[in-house]
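This report concerns only the one structure given below.
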Amino acid sequence: MSPVKYMSGIFAMALVVRLLAFWALPEPHMPYNAIFAYVKGAHMLIEGQGFSDISFPVYTPPLYSIFIAIVTVLFGDGILAIKIVQIVADSSTAVFLYLIVRKVFDDPTGLMSGGMWACYPFTIYSTLYIGTEAFFTFFIALFVLLITYGIRNDKWYWYCAAGFLLGMATLIRGTTQFIPLVLPLVLFASRKEGVHWLRNSALSLVCFILVILPWGARNYIVLHEIIPVGANSTVILYGISEPLLTIETRQKELARLFA
C-alpha cells in the first residue's frame with residue numbers, strides 16, 4: 001500500500017475518533033487561563049483594541065488568541081468551530097508523526113506511531129477544550145518533520161521552514177523558546193560529510209527570530225518591558241504558593257491575577 005493511502009487512513013481514523021469523542025463526551029470546564037488569556041485576547045482583537053492596548057494579555061504568547069479571533073470572525077462566536085479546527089489539526093498531527101517515524105525507521109513503525117497518536121486518549125481530549133495543546137503539537141510535529149527532511153537532504157529551505165514553524169509553536173506556548181540553542185548540537189551530532197550544519201542552524205535561528213520578534217517588539221514598545229514570548233512563568237510560580245492551595249482561594253486569587 002502506498003504512503004498516501006496510509007496517511008489517508010491514519011487521518012481518517014484520528015478524525016473519526018475525535019468526532020466521536022466530541023459527540024459523546026460532556027463539555028469540559030473552561031479554565032481561568034483560557035478565559036482571561038486566550039478568549040479575552042481574542043475578544044480584544046475582534047473589538048478593535050488590538051495589540052496596542054496595554055491590557056492585552058501577555059501571560060502567554062498571542063498566537064492562540066489570534067486563532068480564536070480568526071475562527072470567531074469567520075464562523076461566528078462560540079467554541080464549536082474552534083474545536084472542529086483543533087480536531088482537524090490534531091488528526092493531521094497523527095499523519096506528521098507517521099511521516100517522521102517512517103523517515104527515521106520504517107513503514108510499520110510509522111503506522112504504529114500514527115495509530116497510537118490517533119487513539120491516544122489525552123491527545124483526543126486536548127481537542128475538546130479551549131487550550132493550546134492541539135495546535136502546539138501540530139506545529140511541533142511539523143517542525144520535527146521538516147528538520148528530519150533537512151538532516152536527510154541537507155537542503156537549506158527545510159531548515160528555514162523548520163525555524164519558521166518553531167517560531168509559530170513558540171508563539172502558542174513559550175516552552176520551545178530555547179530549542180534554537182540546542183538545535184546546533186543536534187545538527188552537529190547528526191551531521192554527514194559535507195553537511196553544512198552550522199549554516200543550517202543559523203538559518204533556522206534567523207527564521208525563528210523573525211517570527212517571534214514582532215511580539216517581543218510590541219511588548220517593549222507598549223509595555224516598556226522585555227518580554228520576548230510570555231510572562232506566564234510568574235503565574236505558574238505563584239500557582240504553587242499558599243493562597244492557591246484550596247479551591248476556594250484559588251478561584252478568588254486566579255480571578256484577581258488574570259483580571
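So you can find residues: chains in the C-alpha cells are A, B, ... in the order shown, residues in each start at 1, and ligands are numbered from 1 in order.
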request  = Just the alpha helix (DSSP H) stuff from segment 22-223 of chain A, please, per backbone DSSP, written as a ChimeraX atom specification.
outcome  = /A:22-24,32-33,40-46,63-75,80-104,107-119,121-125,133-153,156-170,179-189,197-223
Just want the 8 Å neighbourhood of segment 73-83 of chain A, counted on only C-alpha atoms, with same-chain residues fewer than 3 positions away dropped. Output as a CSV table (one decimal) with N, CA and C atoms, in the first residue's frame.
```csv
chain,number,residue,atom,x,y,z
A,46,ILE,N,-11.0,41.3,18.2
A,46,ILE,CA,-12.2,41.4,17.4
A,46,ILE,C,-12.8,42.8,17.6
A,68,ILE,N,-8.3,32.1,17.8
A,68,ILE,CA,-9.7,32.2,18.2
A,68,ILE,C,-10.4,33.3,17.6
A,69,ALA,N,-9.7,34.5,17.5
A,69,ALA,CA,-10.3,35.6,16.9
A,69,ALA,C,-10.6,35.4,15.4
A,70,ILE,N,-9.7,34.8,14.7
A,70,ILE,CA,-10.0,34.5,13.2
A,70,ILE,C,-11.1,33.5,13.1
A,86,GLN,N,-9.5,22.4,15.7
A,86,GLN,CA,-8.5,21.7,16.6
A,86,GLN,C,-8.5,20.2,16.3
A,87,ILE,N,-9.7,19.6,16.0
A,87,ILE,CA,-9.8,18.2,15.7
A,87,ILE,C,-9.1,17.9,14.4
A,127,THR,N,-8.3,18.2,22.1
A,127,THR,CA,-9.0,18.9,21.0
A,127,THR,C,-10.4,19.4,21.4
A,128,LEU,N,-10.9,19.0,22.6
A,128,LEU,CA,-12.3,19.3,23.0
A,128,LEU,C,-12.4,20.4,23.9
A,129,TYR,N,-11.3,21.1,24.3
A,129,TYR,CA,-11.4,22.3,25.2
A,129,TYR,C,-10.6,23.4,24.6
A,130,ILE,N,-10.8,24.6,25.2
A,130,ILE,CA,-10.1,25.8,24.7
A,130,ILE,C,-8.7,25.7,25.4
```
key: d(atom CA of Asn153 of chain A, atom CA of Leu183 of chain A) in Å   = 16.8 Å
Could you give me, as CSV, a per-residue list for segment 96-173 of chain A showing, wherever an atom lies at most 10 Å from an atom of segment 3-12 of chain A, the closest pair of atoms and their distance in Å to one decimal, using only C-alpha atoms and sorting by chain then residue number from low to high?
```
residue,atom,partner,partner_atom,distance
A:Phe96,CA,A:Met7,CA,8.7
A:Tyr98,CA,A:Met7,CA,7.6
A:Leu99,CA,A:Met7,CA,8.2
A:Arg102,CA,A:Pro3,CA,9.5
A:Asp107,CA,A:Pro3,CA,8.2
A:Gly110,CA,A:Tyr6,CA,9.6
A:Leu111,CA,A:Tyr6,CA,7.4
A:Met112,CA,A:Ile10,CA,9.8
A:Ser113,CA,A:Ile10,CA,9.9
A:Gly114,CA,A:Ile10,CA,6.4
A:Gly115,CA,A:Ile10,CA,6.2
A:Met116,CA,A:Ile10,CA,9.7
A:Trp117,CA,A:Ile10,CA,9.2
A:Ala118,CA,A:Ile10,CA,7.0
A:Cys119,CA,A:Ile10,CA,10.0
```
Next, the residues of the selection above should be written as a short mmCIF file (atom, residue, chain, number, x, y, z; two decimals), in the first residue's frame with all heavy atoms.
```
data_model
loop_
_atom_site.label_atom_id
_atom_site.label_comp_id
_atom_site.auth_asym_id
_atom_site.auth_seq_id
_atom_site.Cartn_x
_atom_site.Cartn_y
_atom_site.Cartn_z
N PHE A 96 1.62 13.53 10.53
CA PHE A 96 3.00 14.02 10.63
C PHE A 96 3.86 13.04 11.42
O PHE A 96 5.02 12.79 11.07
CB PHE A 96 3.04 15.40 11.28
CG PHE A 96 2.27 16.45 10.55
CD1 PHE A 96 1.71 17.52 11.22
CD2 PHE A 96 2.10 16.38 9.17
CE1 PHE A 96 1.00 18.49 10.54
CE2 PHE A 96 1.38 17.34 8.48
CZ PHE A 96 0.83 18.40 9.17
N TYR A 98 3.43 9.84 11.73
CA TYR A 98 3.69 8.69 10.86
C TYR A 98 4.85 8.98 9.91
O TYR A 98 5.76 8.15 9.73
CB TYR A 98 2.43 8.35 10.06
CG TYR A 98 2.69 7.57 8.80
CD1 TYR A 98 3.08 6.24 8.85
CD2 TYR A 98 2.55 8.18 7.55
CE1 TYR A 98 3.34 5.52 7.69
CE2 TYR A 98 2.80 7.47 6.38
CZ TYR A 98 3.19 6.15 6.45
OH TYR A 98 3.45 5.44 5.30
N LEU A 99 4.84 10.17 9.30
CA LEU A 99 5.89 10.52 8.35
C LEU A 99 7.26 10.64 9.02
O LEU A 99 8.28 10.23 8.46
CB LEU A 99 5.53 11.84 7.65
CG LEU A 99 4.33 11.78 6.71
CD1 LEU A 99 3.98 13.18 6.22
CD2 LEU A 99 4.60 10.86 5.53
N ARG A 102 8.35 7.06 10.03
CA ARG A 102 8.63 6.32 8.80
C ARG A 102 9.97 6.74 8.21
O ARG A 102 10.73 5.90 7.70
CB ARG A 102 7.51 6.58 7.79
CG ARG A 102 7.73 5.95 6.42
CD ARG A 102 6.55 6.27 5.50
NE ARG A 102 6.75 5.69 4.19
CZ ARG A 102 7.33 6.31 3.17
NH1 ARG A 102 7.77 7.56 3.33
NH2 ARG A 102 7.48 5.72 1.99
N ASP A 107 8.09 1.81 7.62
CA ASP A 107 6.65 1.97 7.49
C ASP A 107 5.86 1.35 8.65
O ASP A 107 4.96 2.00 9.20
CB ASP A 107 6.17 1.37 6.16
CG ASP A 107 5.76 2.46 5.17
OD1 ASP A 107 5.35 3.54 5.62
OD2 ASP A 107 5.87 2.22 3.96
N GLY A 110 6.14 3.50 11.67
CA GLY A 110 5.41 4.74 11.45
C GLY A 110 3.91 4.56 11.57
O GLY A 110 3.21 5.40 12.17
N LEU A 111 3.40 3.47 11.02
CA LEU A 111 1.97 3.18 11.14
C LEU A 111 1.55 3.00 12.59
O LEU A 111 0.51 3.50 13.02
CB LEU A 111 1.63 1.93 10.33
CG LEU A 111 1.46 2.10 8.82
CD1 LEU A 111 1.33 0.74 8.15
CD2 LEU A 111 0.24 2.96 8.52
N MET A 112 2.36 2.28 13.34
CA MET A 112 2.06 2.07 14.74
C MET A 112 2.05 3.39 15.50
O MET A 112 1.15 3.65 16.32
CB MET A 112 3.07 1.11 15.36
CG MET A 112 2.81 0.80 16.83
SD MET A 112 4.01 -0.35 17.53
CE MET A 112 5.51 0.65 17.44
N SER A 113 3.02 4.25 15.22
CA SER A 113 3.11 5.54 15.91
C SER A 113 1.92 6.44 15.57
O SER A 113 1.30 7.04 16.45
CB SER A 113 4.41 6.24 15.54
OG SER A 113 5.53 5.44 15.89
N GLY A 114 1.60 6.52 14.27
CA GLY A 114 0.46 7.34 13.87
C GLY A 114 -0.84 6.81 14.43
O GLY A 114 -1.71 7.59 14.86
N GLY A 115 -0.99 5.49 14.45
CA GLY A 115 -2.21 4.89 15.00
C GLY A 115 -2.33 5.11 16.49
O GLY A 115 -3.43 5.36 17.01
N MET A 116 -1.21 5.04 17.20
CA MET A 116 -1.23 5.28 18.64
C MET A 116 -1.63 6.72 18.94
O MET A 116 -2.41 6.98 19.86
CB MET A 116 0.13 4.96 19.25
CG MET A 116 0.46 3.48 19.28
SD MET A 116 2.14 3.14 19.88
CE MET A 116 2.02 3.75 21.56
N TRP A 117 -1.09 7.66 18.16
CA TRP A 117 -1.48 9.06 18.37
C TRP A 117 -2.97 9.25 18.07
O TRP A 117 -3.66 9.98 18.78
CB TRP A 117 -0.65 9.98 17.49
CG TRP A 117 -0.93 11.44 17.74
CD1 TRP A 117 -1.92 12.21 17.20
CD2 TRP A 117 -0.22 12.29 18.65
NE1 TRP A 117 -1.87 13.48 17.69
CE2 TRP A 117 -0.84 13.56 18.58
CE3 TRP A 117 0.88 12.10 19.49
CZ2 TRP A 117 -0.38 14.65 19.34
CZ3 TRP A 117 1.33 13.18 20.24
CH2 TRP A 117 0.70 14.43 20.16
N ALA A 118 -3.44 8.61 17.03
CA ALA A 118 -4.85 8.76 16.65
C ALA A 118 -5.79 8.30 17.75
O ALA A 118 -6.89 8.85 17.89
CB ALA A 118 -5.12 7.98 15.36
N CYS A 119 -5.37 7.31 18.53
CA CYS A 119 -6.25 6.71 19.54
C CYS A 119 -5.87 7.07 20.97
O CYS A 119 -6.53 6.61 21.91
CB CYS A 119 -6.26 5.19 19.39
SG CYS A 119 -6.84 4.62 17.78
#
```
9 Å contact set for segment 164-175 of chain A, only C-alpha atoms, chain neighbours under 2 positions out, as a PyMOL selection string = chain A and resi 60-65+132-133+135-140+142-144+159-162+177-180+204-212+215+229-230+232
Serialized selection, N, CA and C atoms, as a CSV table (one decimal), in the first residue's frame:
```
chain,number,residue,atom,x,y,z
A,60,THR,N,0.7,34.5,28.2
A,60,THR,CA,1.0,33.5,27.2
A,60,THR,C,1.2,34.2,25.9
A,61,PRO,N,1.9,33.6,25.0
A,61,PRO,CA,2.1,34.2,23.6
A,61,PRO,C,0.7,34.4,23.0
A,62,PRO,N,0.7,35.2,21.9
A,62,PRO,CA,-0.6,35.6,21.4
A,62,PRO,C,-1.2,34.8,20.3
A,63,LEU,N,-0.5,33.8,19.7
A,63,LEU,CA,-1.0,33.2,18.5
A,63,LEU,C,-2.3,32.4,18.7
A,64,TYR,N,-2.5,31.8,19.9
A,64,TYR,CA,-3.8,31.1,20.1
A,64,TYR,C,-4.9,32.1,20.2
A,65,SER,N,-4.7,33.2,20.8
A,65,SER,CA,-5.8,34.2,20.8
A,65,SER,C,-6.1,34.7,19.4
A,132,THR,N,-4.1,25.3,24.2
A,132,THR,CA,-3.1,25.4,23.2
A,132,THR,C,-2.5,24.1,22.7
A,133,GLU,N,-2.8,23.0,23.4
A,133,GLU,CA,-2.1,21.7,23.2
A,133,GLU,C,-2.2,21.2,21.8
A,135,PHE,N,-2.9,22.7,18.8
A,135,PHE,CA,-2.1,23.5,17.8
A,135,PHE,C,-0.6,23.5,18.1
A,136,PHE,N,-0.3,23.5,19.4
A,136,PHE,CA,1.1,23.4,19.7
A,136,PHE,C,1.8,22.2,19.2
A,137,THR,N,1.2,21.0,19.4
A,137,THR,CA,1.7,19.8,18.9
A,137,THR,C,1.7,19.7,17.4
A,138,PHE,N,0.7,20.3,16.8
A,138,PHE,CA,0.6,20.4,15.3
A,138,PHE,C,1.9,21.1,14.8
A,139,PHE,N,2.2,22.2,15.3
A,139,PHE,CA,3.4,22.9,14.8
A,139,PHE,C,4.7,22.3,15.2
A,140,ILE,N,4.8,21.7,16.4
A,140,ILE,CA,6.0,21.0,16.8
A,140,ILE,C,6.2,19.8,15.9
A,142,LEU,N,5.2,19.3,12.8
A,142,LEU,CA,5.7,19.8,11.5
A,142,LEU,C,7.2,20.3,11.6
A,143,PHE,N,7.5,20.9,12.7
A,143,PHE,CA,8.9,21.3,12.9
A,143,PHE,C,9.9,20.1,12.8
A,144,VAL,N,9.5,19.1,13.6
A,144,VAL,CA,10.4,17.9,13.7
A,144,VAL,C,10.4,17.2,12.3
A,159,TYR,N,15.4,23.9,6.6
A,159,TYR,CA,15.7,24.5,7.9
A,159,TYR,C,15.1,25.9,8.1
A,160,CYS,N,14.9,26.6,7.0
A,160,CYS,CA,14.2,27.9,7.1
A,160,CYS,C,12.8,27.6,7.5
A,161,ALA,N,12.1,26.7,6.8
A,161,ALA,CA,10.7,26.4,7.1
A,161,ALA,C,10.6,25.9,8.6
A,162,ALA,N,11.6,25.0,9.0
A,162,ALA,CA,11.5,24.5,10.3
A,162,ALA,C,11.6,25.6,11.4
A,177,GLN,N,11.0,28.1,23.4
A,177,GLN,CA,11.8,29.2,23.0
A,177,GLN,C,13.3,29.0,23.1
A,178,PHE,N,13.7,28.0,23.8
A,178,PHE,CA,15.2,27.7,23.9
A,178,PHE,C,15.7,26.6,23.0
A,179,ILE,N,14.8,26.0,22.3
A,179,ILE,CA,15.2,24.9,21.3
A,179,ILE,C,16.2,25.4,20.4
A,180,PRO,N,16.2,26.6,19.8
A,180,PRO,CA,17.2,27.0,18.9
A,180,PRO,C,18.6,27.0,19.5
A,204,SER,N,17.9,28.4,10.6
A,204,SER,CA,16.7,28.1,11.5
A,204,SER,C,16.6,29.2,12.5
A,205,LEU,N,17.7,29.6,13.1
A,205,LEU,CA,17.6,30.6,14.2
A,205,LEU,C,17.1,31.9,13.6
A,206,VAL,N,17.6,32.3,12.5
A,206,VAL,CA,17.2,33.6,11.9
A,206,VAL,C,15.7,33.6,11.6
A,207,CYS,N,15.2,32.5,11.0
A,207,CYS,CA,13.7,32.4,10.7
A,207,CYS,C,12.9,32.4,12.0
A,208,PHE,N,13.4,31.7,13.0
A,208,PHE,CA,12.8,31.6,14.3
A,208,PHE,C,12.7,33.0,14.9
A,209,ILE,N,13.7,33.8,14.9
A,209,ILE,CA,13.7,35.1,15.5
A,209,ILE,C,12.8,36.1,14.7
A,210,LEU,N,12.8,35.9,13.4
A,210,LEU,CA,11.9,36.8,12.6
A,210,LEU,C,10.5,36.6,12.9
A,211,VAL,N,10.1,35.4,13.3
A,211,VAL,CA,8.7,35.1,13.7
A,211,VAL,C,8.3,35.7,15.0
A,212,ILE,N,9.2,35.5,16.0
A,212,ILE,CA,8.8,35.9,17.4
A,212,ILE,C,9.2,37.4,17.7
A,215,TRP,N,6.3,40.2,18.2
A,215,TRP,CA,5.7,40.2,19.5
A,215,TRP,C,6.5,40.7,20.6
A,229,VAL,N,8.5,36.4,24.8
A,229,VAL,CA,7.4,35.4,24.5
A,229,VAL,C,6.2,35.6,25.4
A,230,GLY,N,6.4,35.4,26.7
A,230,GLY,CA,5.3,35.5,27.6
A,230,GLY,C,5.8,35.6,29.0
A,232,ASN,N,4.1,34.0,31.7
A,232,ASN,CA,3.3,33.1,32.5
A,232,ASN,C,4.1,32.3,33.5
```
ask   = Looking at only C-alpha atoms, which of A:Ile124, A:Val58, A:Leu185, A:Leu97 is the one that sits closest to Glu225 of chain A?
value =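 For Glu225 of chain A, the nearest of the candidates is A:Val58.
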key: Residue among A:Ala21, A:Ile66, A:Ala37, A:Ser201 lying closest to Gly50 of chain A, counting only C-alpha atoms   = A:Ile66
query = Using only C-alpha atoms, which residues sit within 12 Å of Arg152 of chain A once same-chain residues fewer than 3 positions away are excluded, as a count of residues only?
reply = 20
